[in-house]
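Peer 1: This is the structure I have questions about; it appears just below.
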Amino acid sequence: MSDDQQLRRSKEQQTADISEAQIAVHWPEEDYFSPSATFIAQANLTDTSVFERFSLDRSPDCFREFADLLDWYQRWEKTLDTSNPPFWRWFVGGKLNACFNCVDRHLAKHKNKTAIHFVPEPEHETVQHITYQELFVRVNEFAALLRDFCGLKAGDRVTLHMPMVAELPITMLACARLGVIHSQVFSGFSGKACADRVVDSESRVLITMDAYYRAGKLLDHKEKADIAAAESAKDAHKVDKVLIWQRHPGKYSSPTKLVEGRDVIVNDLLRKYRGKRVEPAHMPAEAPLFLMYTSGTTGKPKGCQHSIGGYLAYVTWTSKYIQDIHPEDVYWCMADIGWITGHSYIVYGPLALGASSVVYEGVPTHPDAGRPWRIAEDLDVNIFHTSPTAIRALRRDGPDEPAKYNYRFKHMTTVGEPIEPAVWKWYHKMVGKGEAVIVDTWWQTENGGFLCSTVPAIHKMKPGSAGPGIPGIHPVIYDDEGKELPAGSGKAGNICIRNPWPGGFQTIWKDPDRFVAQYYARYCKDRKSKDWRDWPYMAGDGAVQAADGYYRILGRIDDVINVAGHRLGTKELESAALLVDEVAEAAVVPAADEIKGKVPDLYVSLKPGLQASKEIANRISAAIVSEIGAIARPRQVIIVPDMPKTRSGKIMRRVLAAISNHQNPGDVSTLANPEIVDKIKELVK
Ligand code: WT7
């Protein structure tokens, strides 16, 4: 593709009819809250000279400090290689192993300390406290199985479709030990969605679990592996082996039969590998650690490829200084490991620092809204990390619950979506008991770790604002014409990062063109330049910067909807809807939701002569759940007689979004069919 074509393609991809940022709620600037003296007294980072140390003109060399938190087999020669922009290469020449850094290196001092607290959803089941020594043993045995039974070696990809159980980090770390690239798919995604990722990553091995608990039910998960394998086969890709962990070791908990010659129960097979040890592979810093698929503007999810050295250095530094994790802390991030938050801030960051990390299997409000606070009390959790959606749900279902439990958080995080000041204040007062410092961290799957946040012991907090760029991150806001908005202008524009940072993804798996087009083409100053200063990274979010330098994120500027802190591509939903025979056209728009932030509303028109019915609407909804997963289920499926269209036949999503959000759709007189607007309004009422 030529530069021009790429640029055009990226522009096309980035002009959504209606974006989240456009329907964002703009709340007024809030007053500051200060971190407590007690927090500051123990914090890892209180020295304000850090911002000088990480000033733009010290980039990229300043990031050496990040890599120095890791153990290297061989030190790197070059901090940043920019010879092939924007494919940055960090810590070139260095060799390390991520598993060694998260497990082995802690044994000398901390082998008897809990690495992972696994909290099953059923409250009567005992919590498992897995020490670093036990983690070491289990990771080694499983790594031996992957190597000797599956024949996996460095560079191979493996798809994991696992729930929130201790076996998930064990599996990831075993892969990392061998240099095998893991690709964990969120367990709530459907078998079909899993298959798309198996095929794209060309995984020959799929690792899953028979069943898991969610909202009080033991769900059959193994059935999704069968669907994934069958759907992959349709794409001429064969899954050779399905490895199945047992949720209840020693007992198979799924009604779905095993497939001879393909399916293996891990717990049985592991007996053969008892006592086995596997030397960690000495991996180049630049080798990929994992793929994490995320939604974009096209129907196809993109595999974000993260490196071993840069990524691990980035999550370790940010865990230490933004999460303020000390080795003696008990840290609980309530995200799912199936998302980037869990990779970076449940598994790799906290374990690299030798902390104890909590893995909770189930729903935060199960069996009641006191559950998280009971867990915090029992395990003496002192750092807590969750999403605005979870906070809103806990606030709705149990506003006074936290006060009933005797736990004390020193630090709390919010991530994934904008948080309303009222919700922030409840989090601060009730959950944090007025003591815990809060960081509102803005970042994305592509970024590896936090981009904007306050530094907890240095900055004041401002409800509803993420904060400035973290040390080493230099954001800038551009307008649509590519002009920089003046710092602190309070005007909305597209937020970009001026400089490369070690946690940034390396490419989109098998799609380097899309990588360039989507993230760099729009604001690149000179396509021939080898100077990173000419290549700002475009995040795809609308943002404003206040006079104090704090950024407030408004939402996506593209065809992506952030539902409960998780990204859904509108095109993915639309193509799923179009699989239903009766559907002629489909359009998805974001609708504001009290708990989930945004939810998708789906508008469809049927093929000529067909009558709208509840039954068709239900089938469309079901198609989306089976193609993508329950998180994509539309709030409503609205069957319209016709879509509002421009004269050139383009569906006006802007009008539909206005209707869904009870806003004024504006001037519709230029539509080809303006009369349809009132008819649709009637249907949505
Ligand atoms: C999108 C990235 C990376 C963590 C989980 C989400 C939105 C993320 C914030 C925040 C406002 C936020 C952005 C971003 N977002 N954090 N603190 N305030 N919005 O990862 O699925 O890659 O989604 O989430 O719109 O682009 P993701």
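Ordering of the structure tokens sets the chain letters (A, B, ...); residue numbers start at 1 within each chain; ligands are numbered from 1 in the order shown.
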Using only C-alpha atoms and all ligand atoms, which residues of the polymer chains come no farther than 9 Å from ligand 1? I'd like the answer as a PyMOL selection string.

Peer 2: chain A and resi 20-21+294-295+335+339-342+387-388+414-419+439-450+452-453+464-466+539-543+552-557+560-563+565-568

Peer 1: For Arg89 in chain A, find every residue with an atom within 12 Å (counting only C-alpha atoms), except residues of its own chain fewer than 6 positions away, and show them as a ChimeraX atom specification.

Peer 2: /A:60,76-83,284-288,306-311,500-507,532

Peer 1: Using N, CA, C and O atoms, can you export the residues from the last selection as an mmCIF file, in the first residue's frame?

Peer 2:
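Ended up saving to part_15.cif:
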```cif
data_model
loop_
_atom_site.group_PDB
_atom_site.id
_atom_site.type_symbol
_atom_site.label_atom_id
_atom_site.label_comp_id
_atom_site.auth_asym_id
_atom_site.auth_seq_id
_atom_site.Cartn_x
_atom_site.Cartn_y
_atom_site.Cartn_z
ATOM 1 N N PRO A 60 14.741 8.692 24.673
ATOM 2 C CA PRO A 60 14.286 7.466 25.330
ATOM 3 C C PRO A 60 15.235 6.936 26.412
ATOM 4 O O PRO A 60 14.901 5.953 27.068
ATOM 5 N N TRP A 76 21.139 -5.025 27.616
ATOM 6 C CA TRP A 76 20.883 -4.526 26.264
ATOM 7 C C TRP A 76 21.985 -3.573 25.826
ATOM 8 O O TRP A 76 22.682 -2.985 26.658
ATOM 9 N N GLU A 77 22.138 -3.443 24.515
ATOM 10 C CA GLU A 77 23.156 -2.529 23.990
ATOM 11 C C GLU A 77 22.544 -1.194 23.613
ATOM 12 O O GLU A 77 23.168 -0.158 23.755
ATOM 13 N N LYS A 78 21.321 -1.254 23.093
ATOM 14 C CA LYS A 78 20.703 -0.031 22.620
ATOM 15 C C LYS A 78 19.344 0.138 23.306
ATOM 16 O O LYS A 78 18.521 -0.774 23.246
ATOM 17 N N THR A 79 19.112 1.299 23.921
ATOM 18 C CA THR A 79 17.834 1.482 24.606
ATOM 19 C C THR A 79 16.686 1.503 23.605
ATOM 20 O O THR A 79 15.684 0.829 23.788
ATOM 21 N N LEU A 80 16.826 2.283 22.540
ATOM 22 C CA LEU A 80 15.759 2.325 21.535
ATOM 23 C C LEU A 80 16.337 2.357 20.128
ATOM 24 O O LEU A 80 17.151 3.219 19.800
ATOM 25 N N ASP A 81 15.892 1.408 19.322
ATOM 26 C CA ASP A 81 16.284 1.392 17.919
ATOM 27 C C ASP A 81 15.121 1.960 17.102
ATOM 28 O O ASP A 81 14.008 1.428 17.144
ATOM 29 N N THR A 82 15.377 3.051 16.374
ATOM 30 C CA THR A 82 14.308 3.707 15.618
ATOM 31 C C THR A 82 14.520 3.561 14.112
ATOM 32 O O THR A 82 13.983 4.340 13.333
ATOM 33 N N SER A 83 15.298 2.560 13.712
ATOM 34 C CA SER A 83 15.673 2.492 12.300
ATOM 35 C C SER A 83 14.498 2.188 11.367
ATOM 36 O O SER A 83 14.573 2.450 10.178
ATOM 37 N N PRO A 284 15.363 -12.897 23.555
ATOM 38 C CA PRO A 284 15.689 -11.512 23.212
ATOM 39 C C PRO A 284 14.601 -10.582 23.756
ATOM 40 O O PRO A 284 13.418 -10.934 23.732
ATOM 41 N N ALA A 285 15.005 -9.409 24.220
ATOM 42 C CA ALA A 285 14.047 -8.433 24.751
ATOM 43 C C ALA A 285 12.936 -8.166 23.746
ATOM 44 O O ALA A 285 11.791 -7.890 24.105
ATOM 45 N N GLU A 286 13.279 -8.260 22.474
ATOM 46 C CA GLU A 286 12.392 -7.898 21.375
ATOM 47 C C GLU A 286 11.411 -8.982 20.988
ATOM 48 O O GLU A 286 10.524 -8.767 20.165
ATOM 49 N N ALA A 287 11.584 -10.195 21.521
ATOM 50 C CA ALA A 287 10.679 -11.292 21.154
ATOM 51 C C ALA A 287 9.307 -11.014 21.762
ATOM 52 O O ALA A 287 9.206 -10.393 22.815
ATOM 53 N N PRO A 288 8.233 -11.467 21.098
ATOM 54 C CA PRO A 288 6.897 -11.226 21.651
ATOM 55 C C PRO A 288 6.636 -12.081 22.892
ATOM 56 O O PRO A 288 7.033 -13.247 22.941
ATOM 57 N N HIS A 306 2.826 -7.718 22.106
ATOM 58 C CA HIS A 306 3.639 -7.077 23.145
ATOM 59 C C HIS A 306 4.964 -7.810 23.339
ATOM 60 O O HIS A 306 5.013 -9.030 23.290
ATOM 61 N N SER A 307 5.997 -7.033 23.588
ATOM 62 C CA SER A 307 7.346 -7.591 23.699
ATOM 63 C C SER A 307 7.629 -8.101 25.111
ATOM 64 O O SER A 307 6.893 -7.798 26.046
ATOM 65 N N ILE A 308 8.706 -8.829 25.247
ATOM 66 C CA ILE A 308 9.079 -9.312 26.584
ATOM 67 C C ILE A 308 9.756 -8.197 27.381
ATOM 68 O O ILE A 308 9.293 -7.821 28.462
ATOM 69 N N GLY A 309 10.827 -7.635 26.856
ATOM 70 C CA GLY A 309 11.635 -6.700 27.640
ATOM 71 C C GLY A 309 10.944 -5.373 27.902
ATOM 72 O O GLY A 309 10.801 -4.946 29.050
ATOM 73 N N GLY A 310 10.523 -4.708 26.838
ATOM 74 C CA GLY A 310 9.895 -3.401 26.979
ATOM 75 C C GLY A 310 8.634 -3.484 27.816
ATOM 76 O O GLY A 310 8.428 -2.714 28.750
ATOM 77 N N TYR A 311 7.784 -4.451 27.493
ATOM 78 C CA TYR A 311 6.506 -4.592 28.203
ATOM 79 C C TYR A 311 6.740 -4.866 29.691
ATOM 80 O O TYR A 311 6.175 -4.205 30.553
ATOM 81 N N PRO A 500 7.820 7.476 21.886
ATOM 82 C CA PRO A 500 7.652 6.043 22.139
ATOM 83 C C PRO A 500 7.976 5.716 23.599
ATOM 84 O O PRO A 500 8.768 6.420 24.220
ATOM 85 N N TRP A 501 7.363 4.662 24.127
ATOM 86 C CA TRP A 501 7.642 4.210 25.496
ATOM 87 C C TRP A 501 7.723 2.684 25.460
ATOM 88 O O TRP A 501 7.140 2.062 24.559
ATOM 89 N N PRO A 502 8.418 2.081 26.421
ATOM 90 C CA PRO A 502 8.721 0.650 26.296
ATOM 91 C C PRO A 502 7.507 -0.279 26.267
ATOM 92 O O PRO A 502 7.576 -1.360 25.701
ATOM 93 N N GLY A 503 6.382 0.143 26.864
ATOM 94 C CA GLY A 503 5.215 -0.743 26.922
ATOM 95 C C GLY A 503 4.376 -0.757 25.658
ATOM 96 O O GLY A 503 3.471 -1.575 25.526
ATOM 97 N N GLY A 504 4.662 0.123 24.734
ATOM 98 C CA GLY A 504 3.848 0.208 23.518
ATOM 99 C C GLY A 504 3.920 -1.085 22.717
ATOM 100 O O GLY A 504 4.974 -1.730 22.653
ATOM 101 N N PHE A 505 2.787 -1.487 22.109
ATOM 102 C CA PHE A 505 2.810 -2.747 21.350
ATOM 103 C C PHE A 505 3.709 -2.612 20.127
ATOM 104 O O PHE A 505 3.981 -1.510 19.665
ATOM 105 N N GLN A 506 4.171 -3.759 19.649
ATOM 106 C CA GLN A 506 5.168 -3.762 18.585
ATOM 107 C C GLN A 506 4.550 -3.663 17.212
ATOM 108 O O GLN A 506 5.114 -3.073 16.296
ATOM 109 N N THR A 507 3.399 -4.279 17.068
ATOM 110 C CA THR A 507 2.692 -4.281 15.789
ATOM 111 C C THR A 507 1.356 -4.963 15.984
ATOM 112 O O THR A 507 1.060 -5.466 17.069
ATOM 113 N N TRP A 532 11.876 9.679 15.993
ATOM 114 C CA TRP A 532 10.593 9.354 16.637
ATOM 115 C C TRP A 532 9.746 10.597 16.895
ATOM 116 O O TRP A 532 8.529 10.506 17.029
#
```

Peer 1: Per DSSP on the backbone, filter range 118-223 of chain A down to the residues in strand (DSSP E) and report them as a list of chain:residue names.

Peer 2: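 These are the residues in question: A:Phe118, A:Val119, A:Gln128, A:His129, A:Ile130, A:Thr131, A:Arg157, A:Val158, A:Thr159, A:Leu160, A:His161, A:Ile181, A:His182, A:Ser183, A:Gln184, A:Val205, A:Leu206, A:Ile207, A:Thr208, A:Met209, A:Ala211, A:Tyr212, A:Tyr213, A:Arg214, A:Lys217, A:Leu218, A:Leu219, A:Asp220.
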
Peer 1: Show which residues sit within 8 Å of Gln545 in chain A, as a ChimeraX atom specification. Count only C-alpha atoms, and ignore same-chain residues fewer than 6 positions away.

Peer 2: /A:477,487-492,551-552

Peer 1: What is the CA of Thr46 in chain A to CA of Asp71 in chain A distance in Å?

Peer 2: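 Between CA of Thr46 in chain A and CA of Asp71 in chain A the gap is 24.7 Å.
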
Peer 1: Set the distance at 9 Å and use only C-alpha atoms: which residues neighbour range 362-365 of chain A once local chain neighbours fewer than 4 positions away are removed? I'd like the list as a PyMOL selection string.

Peer 2: chain A and resi 119-122+164+212-216+334+369-372+390+393-394+397-398

Peer 1: Need the shell around Pro536 in chain A: protein/DNA/RNA residues with any atom at most 7 Å away, counting only C-alpha atoms. Skip same-chain ones fewer than 6 positions apart. Format as a ChimeraX atom specification?

Peer 2: /A:496-499,520,523-524

Peer 1: Taking C-alpha atoms for each residue, export the selection above as a short mmCIF file (atom, residue, chain, number, x, y, z; two decimals), in the first residue's frame.

Peer 2:
```
data_model
loop_
_atom_site.label_atom_id
_atom_site.label_comp_id
_atom_site.auth_asym_id
_atom_site.auth_seq_id
_atom_site.Cartn_x
_atom_site.Cartn_y
_atom_site.Cartn_z
CA CYS A 496 -1.67 11.48 21.11
CA ILE A 497 1.64 10.62 22.76
CA ARG A 498 4.69 12.44 21.45
CA ASN A 499 7.27 9.81 22.31
CA TYR A 520 0.56 6.75 13.23
CA TYR A 523 -0.43 12.85 12.60
CA CYS A 524 2.89 11.68 11.19
#
```

Peer 1: Which residue out of A:Pro641, A:Gly666, A:Gly151, A:Gly597 has the minimum interatomic distance to Gly609 in chain A when only C-alpha atoms are used?

Peer 2: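 Looking only at the distances to Gly609 in chain A, the closest residue turns out to be A:Pro641.
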
Peer 1: Counting only C-alpha atoms, figure out which residue out of A:Asp220, A:Glu574, A:Asp336, A:Glu401 gets nearest to Phe186 in chain A.

Peer 2: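 For Phe186 in chain A, the nearest of the given residues is A:Asp336.
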
Peer 1: Report, in Å with one decimal, the straight-line distance from CA of Ser19 in chain A to CA of Lys598 in chain A.

Peer 2: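 Straight-line distance from CA of Ser19 in chain A to CA of Lys598 in chain A works out to 11.3 Å.
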
Peer 1: Using DSSP secondary structure from the backbone, list all helix (DSSP H, G or I) positions within range 254-498 of chain A, as number ranges by chain.

Peer 2: A: 266-273, 309-321, 340-352, 371-379, 388-397, 401-404, 421-431, 445-447

Peer 1: Got a sec: who's within 8 Å of Val640 in chain A, counting only C-alpha atoms, leaving out chain neighbours fewer than 4 positions off, as a PyMOL selection string?

Peer 2: chain A and resi 603-606+680+683

Peer 1: With N, CA and C atoms retained, could you export that selection as a PDB file, in the first residue's frame?

Peer 2:
```pdb
ATOM      1  N   TYR A 603     -29.750  -1.082  15.587  1.00  0.00           N
ATOM      2  CA  TYR A 603     -30.853  -0.792  14.671  1.00  0.00           C
ATOM      3  C   TYR A 603     -30.713  -1.696  13.451  1.00  0.00           C
ATOM      4  N   VAL A 604     -31.814  -2.348  13.065  1.00  0.00           N
ATOM      5  CA  VAL A 604     -31.749  -3.170  11.848  1.00  0.00           C
ATOM      6  C   VAL A 604     -32.954  -2.887  10.956  1.00  0.00           C
ATOM      7  N   SER A 605     -32.738  -3.027   9.670  1.00  0.00           N
ATOM      8  CA  SER A 605     -33.878  -3.052   8.750  1.00  0.00           C
ATOM      9  C   SER A 605     -33.901  -4.441   8.126  1.00  0.00           C
ATOM     10  N   LEU A 606     -35.110  -4.896   7.821  1.00  0.00           N
ATOM     11  CA  LEU A 606     -35.261  -6.258   7.297  1.00  0.00           C
ATOM     12  C   LEU A 606     -35.346  -6.244   5.770  1.00  0.00           C
ATOM     13  N   ILE A 680     -38.879   6.329  13.785  1.00  0.00           N
ATOM     14  CA  ILE A 680     -37.915   5.585  14.609  1.00  0.00           C
ATOM     15  C   ILE A 680     -38.013   6.040  16.071  1.00  0.00           C
ATOM     16  N   LEU A 683     -40.571   4.192  17.817  1.00  0.00           N
ATOM     17  CA  LEU A 683     -40.199   2.807  18.141  1.00  0.00           C
ATOM     18  C   LEU A 683     -39.309   2.728  19.375  1.00  0.00           C
TER      19      LEU A 683
END
```

Peer 1: So that I can see what lies close to range 193-196 of chain A, please list as JSON, numbers by chain the residues with an atom at most 9 Å from it, counting only C-alpha atoms and leaving out residues fewer than 5 positions away in the same chain.

Peer 2: {"A": [159, 160, 161, 185, 186, 187, 201, 224, 225, 227, 228, 229, 230, 231, 232, 233, 235, 300, 301, 626, 627, 628, 629]}
